[in-house]
Amino acid sequence: QLGLKTKRFGWNVYDQESVPSTQQLAHQLAHEGAEEGTIVIAEEQTAGRGRLNRSWHSPKGTGIWMSLILRPSIPPQQAPQLTLLVAVAVAEAIQEETNIIPDIKWPNDILVNGKKVAGILTELQADPDQVRAVIVGIGMNVNQKQFPNDIAPIATSLALETGRTFHRPKIVQTLLQKLEQLYGQYLQHGFLPIKLLWEGYAVTIGQQIVARTLNGAIRGVALGITDSGTLKVQTEDGAIHYIYSADIEIKKQ
Ligand code: BT5
């Protein structure tokens, strides 16, 4: 029904009309042993969420609200790499379908003209030294013509950026193809080739930033990402900080 060209990703599909959150259902399926490549996708989420339990606006029939189950043999510390891998896949899929070259803002934002067109939520089921499952949530705004007031200044959709309407299954198909290809490359060759692709889309690097973490704000220059996917920031006193997750504000120069 999705017209898939992938070998594994998306052959096990839970296609839902309305769910609280695809992420929640994917977690449950992963606990029950669902295989790698299983996806949960919904027309609508009534309680879609972002990081730190923020809400994710997911109106009916307009976007791609999807969660993918991965089972890589990696330690939990390497999981941030997967957020970046998925960001590259999302960026490549948008580029292929629209010819727009989006920006990736570390760690999980895909931007077009400075506004968020897609967000990624990476969550783990893990033992202390081994990942059991990675649940990757992807929210992509596709055909929305407007947004609620609270996010209108920061959100956009493919339709708003191009003036066109898109067939969402086609985009899902392209996205799964990119995901499968990059993930295969990652398992075979590690994170380095993905990192290079990521750097081609990144807007954060070399910029003056404020990184707001759960432990407070860090101001400095984003020097780059490390081989595990963390952000390397140098503060004014010369100290180097490695950041696992944060909200990044890019300071105008
Ligand atoms: C994210 O969080 O960007 C991760 C979004 C992941 C959503 C997918 S949809 C499928 C799966 N199931 C779920 O329940 N979730 C995943 P974060 O970086 O924390 O950004 C959240 C913030 O983005 C919110 O606080 C709003 O400011 C803004 N926002 C909410 N809905 C948005 C939308 N549709 N488009 C753009 N920005 C939005």
# chains A, B, ... in the order shown; residues from 1 in each chain; ligands from 1

$ residues_near_ligand --ligand "ligand 1" --cutoff "7 Å" --atoms "only C-alpha atoms and all ligand atoms" --output "PyMOL selection string"
chain A and resi 21-24+47-52+54-58+65-67+108-109+116-121+137-139+141+151+154-156

$ select_by_dssp --residues "segment 117-244 of chain A" --states "strand (DSSP E)" --output "MDAnalysis selection string"
chainID A and resid 117:127 130:141 208:213 216:225 231:234 240:243

$ write_last_selection --atoms "C-alpha atoms" --output "mmCIF file, in the first residue's frame"
data_model
loop_
_atom_site.group_PDB
_atom_site.id
_atom_site.type_symbol
_atom_site.label_atom_id
_atom_site.label_comp_id
_atom_site.auth_asym_id
_atom_site.auth_seq_id
_atom_site.Cartn_x
_atom_site.Cartn_y
_atom_site.Cartn_z
ATOM 1 C CA VAL A 117 9.682 21.486 8.994
ATOM 2 C CA ALA A 118 10.540 18.252 10.814
ATOM 3 C CA GLY A 119 11.647 17.043 14.226
ATOM 4 C CA ILE A 120 13.153 13.807 15.467
ATOM 5 C CA LEU A 121 12.704 12.089 18.798
ATOM 6 C CA THR A 122 15.135 9.276 19.614
ATOM 7 C CA GLU A 123 14.337 7.085 22.606
ATOM 8 C CA LEU A 124 15.972 3.928 23.902
ATOM 9 C CA GLN A 125 15.152 0.640 25.476
ATOM 10 C CA ALA A 126 18.553 -0.308 26.801
ATOM 11 C CA ASP A 127 20.657 -2.188 29.313
ATOM 12 C CA GLN A 130 23.779 -2.427 25.225
ATOM 13 C CA VAL A 131 20.861 -1.003 23.297
ATOM 14 C CA ARG A 132 17.852 -3.307 22.958
ATOM 15 C CA ALA A 133 15.804 -1.060 20.740
ATOM 16 C CA VAL A 134 15.912 2.469 19.456
ATOM 17 C CA ILE A 135 12.545 4.057 18.830
ATOM 18 C CA VAL A 136 12.953 6.862 16.325
ATOM 19 C CA GLY A 137 10.028 9.244 16.023
ATOM 20 C CA ILE A 138 9.840 11.438 12.949
ATOM 21 C CA GLY A 139 7.351 14.252 12.564
ATOM 22 C CA MET A 140 7.309 16.034 9.210
ATOM 23 C CA ASN A 141 4.976 18.872 8.270
ATOM 24 C CA GLN A 208 28.073 31.417 18.297
ATOM 25 C CA ILE A 209 25.400 29.515 20.174
ATOM 26 C CA VAL A 210 23.582 29.157 23.432
ATOM 27 C CA ALA A 211 22.960 25.516 24.301
ATOM 28 C CA ARG A 212 20.205 25.092 26.869
ATOM 29 C CA THR A 213 20.608 21.771 28.633
ATOM 30 C CA GLY A 216 21.862 25.013 32.496
ATOM 31 C CA ALA A 217 22.960 27.126 29.551
ATOM 32 C CA ILE A 218 26.330 27.005 27.839
ATOM 33 C CA ARG A 219 27.374 29.925 25.630
ATOM 34 C CA GLY A 220 30.172 29.568 23.146
ATOM 35 C CA VAL A 221 31.216 28.500 19.682
ATOM 36 C CA ALA A 222 29.969 25.191 18.292
ATOM 37 C CA LEU A 223 33.192 23.604 17.064
ATOM 38 C CA GLY A 224 31.647 20.488 15.578
ATOM 39 C CA ILE A 225 30.284 17.096 16.476
ATOM 40 C CA LEU A 231 28.207 18.658 20.171
ATOM 41 C CA LYS A 232 31.587 20.163 20.996
ATOM 42 C CA VAL A 233 31.324 23.718 22.318
ATOM 43 C CA GLN A 234 34.101 26.063 23.359
ATOM 44 C CA ILE A 240 35.573 22.554 25.816
ATOM 45 C CA HIS A 241 32.151 21.130 26.624
ATOM 46 C CA TYR A 242 30.579 18.017 25.128
ATOM 47 C CA ILE A 243 26.805 18.210 24.933
#

$ closest_residue --among "A:Pro102, A:Gly163, A:Gly33, A:Pro169" --to "Asp15 of chain A" --atoms "only C-alpha atoms"
A:Pro169

$ select_by_dssp --residues "segment 105-170 of chain A" --states "alpha helix (DSSP H)" --output "MDAnalysis selection string"
chainID A and resid 158:162 168:170

$ write_last_selection --atoms "N, CA and C atoms" --output "compact mmCIF listing (two decimals), in the first residue's frame"
# COMPACT_ATOMS: atom_id res chain seq x y z
N LEU A 158 6.17 21.60 3.96
CA LEU A 158 6.64 21.54 2.57
C LEU A 158 5.69 22.31 1.67
N ALA A 159 4.38 22.25 1.96
CA ALA A 159 3.40 22.96 1.13
C ALA A 159 3.59 24.47 1.21
N LEU A 160 3.80 24.97 2.44
CA LEU A 160 4.00 26.41 2.60
C LEU A 160 5.27 26.88 1.89
N GLU A 161 6.28 26.04 1.88
CA GLU A 161 7.55 26.45 1.28
C GLU A 161 7.58 26.35 -0.24
N THR A 162 6.68 25.51 -0.80
CA THR A 162 6.74 25.28 -2.24
C THR A 162 5.48 25.72 -2.98
N ARG A 168 1.65 12.06 0.46
CA ARG A 168 2.49 11.66 1.59
C ARG A 168 3.10 10.25 1.47
N PRO A 169 2.36 9.26 0.92
CA PRO A 169 2.99 7.93 0.82
C PRO A 169 4.28 7.94 -0.01
N LYS A 170 4.33 8.80 -1.01
CA LYS A 170 5.55 8.91 -1.83
C LYS A 170 6.72 9.40 -0.98

$ residues_around --residues "Gly61 of chain A" --least-positions-apart "2" --cutoff "7 Å" --atoms "only C-alpha atoms" --output "mmCIF file with N, CA and C atoms, in the first residue's frame"
data_model
loop_
_atom_site.group_PDB
_atom_site.id
_atom_site.type_symbol
_atom_site.label_atom_id
_atom_site.label_comp_id
_atom_site.auth_asym_id
_atom_site.auth_seq_id
_atom_site.Cartn_x
_atom_site.Cartn_y
_atom_site.Cartn_z
ATOM 1 N N GLU A 43 -2.383 8.772 10.796
ATOM 2 C CA GLU A 43 -2.952 9.955 10.144
ATOM 3 C C GLU A 43 -2.996 11.135 11.099
ATOM 4 N N GLU A 44 -3.163 10.803 12.380
ATOM 5 C CA GLU A 44 -3.343 11.847 13.393
ATOM 6 C C GLU A 44 -2.785 11.360 14.721
ATOM 7 N N PRO A 59 -1.833 17.354 13.332
ATOM 8 C CA PRO A 59 -3.219 17.320 12.858
ATOM 9 C C PRO A 59 -3.444 16.258 11.780
ATOM 10 N N GLY A 63 0.477 15.604 7.816
ATOM 11 C CA GLY A 63 1.924 15.414 7.963
ATOM 12 C C GLY A 63 2.293 13.950 7.973
#
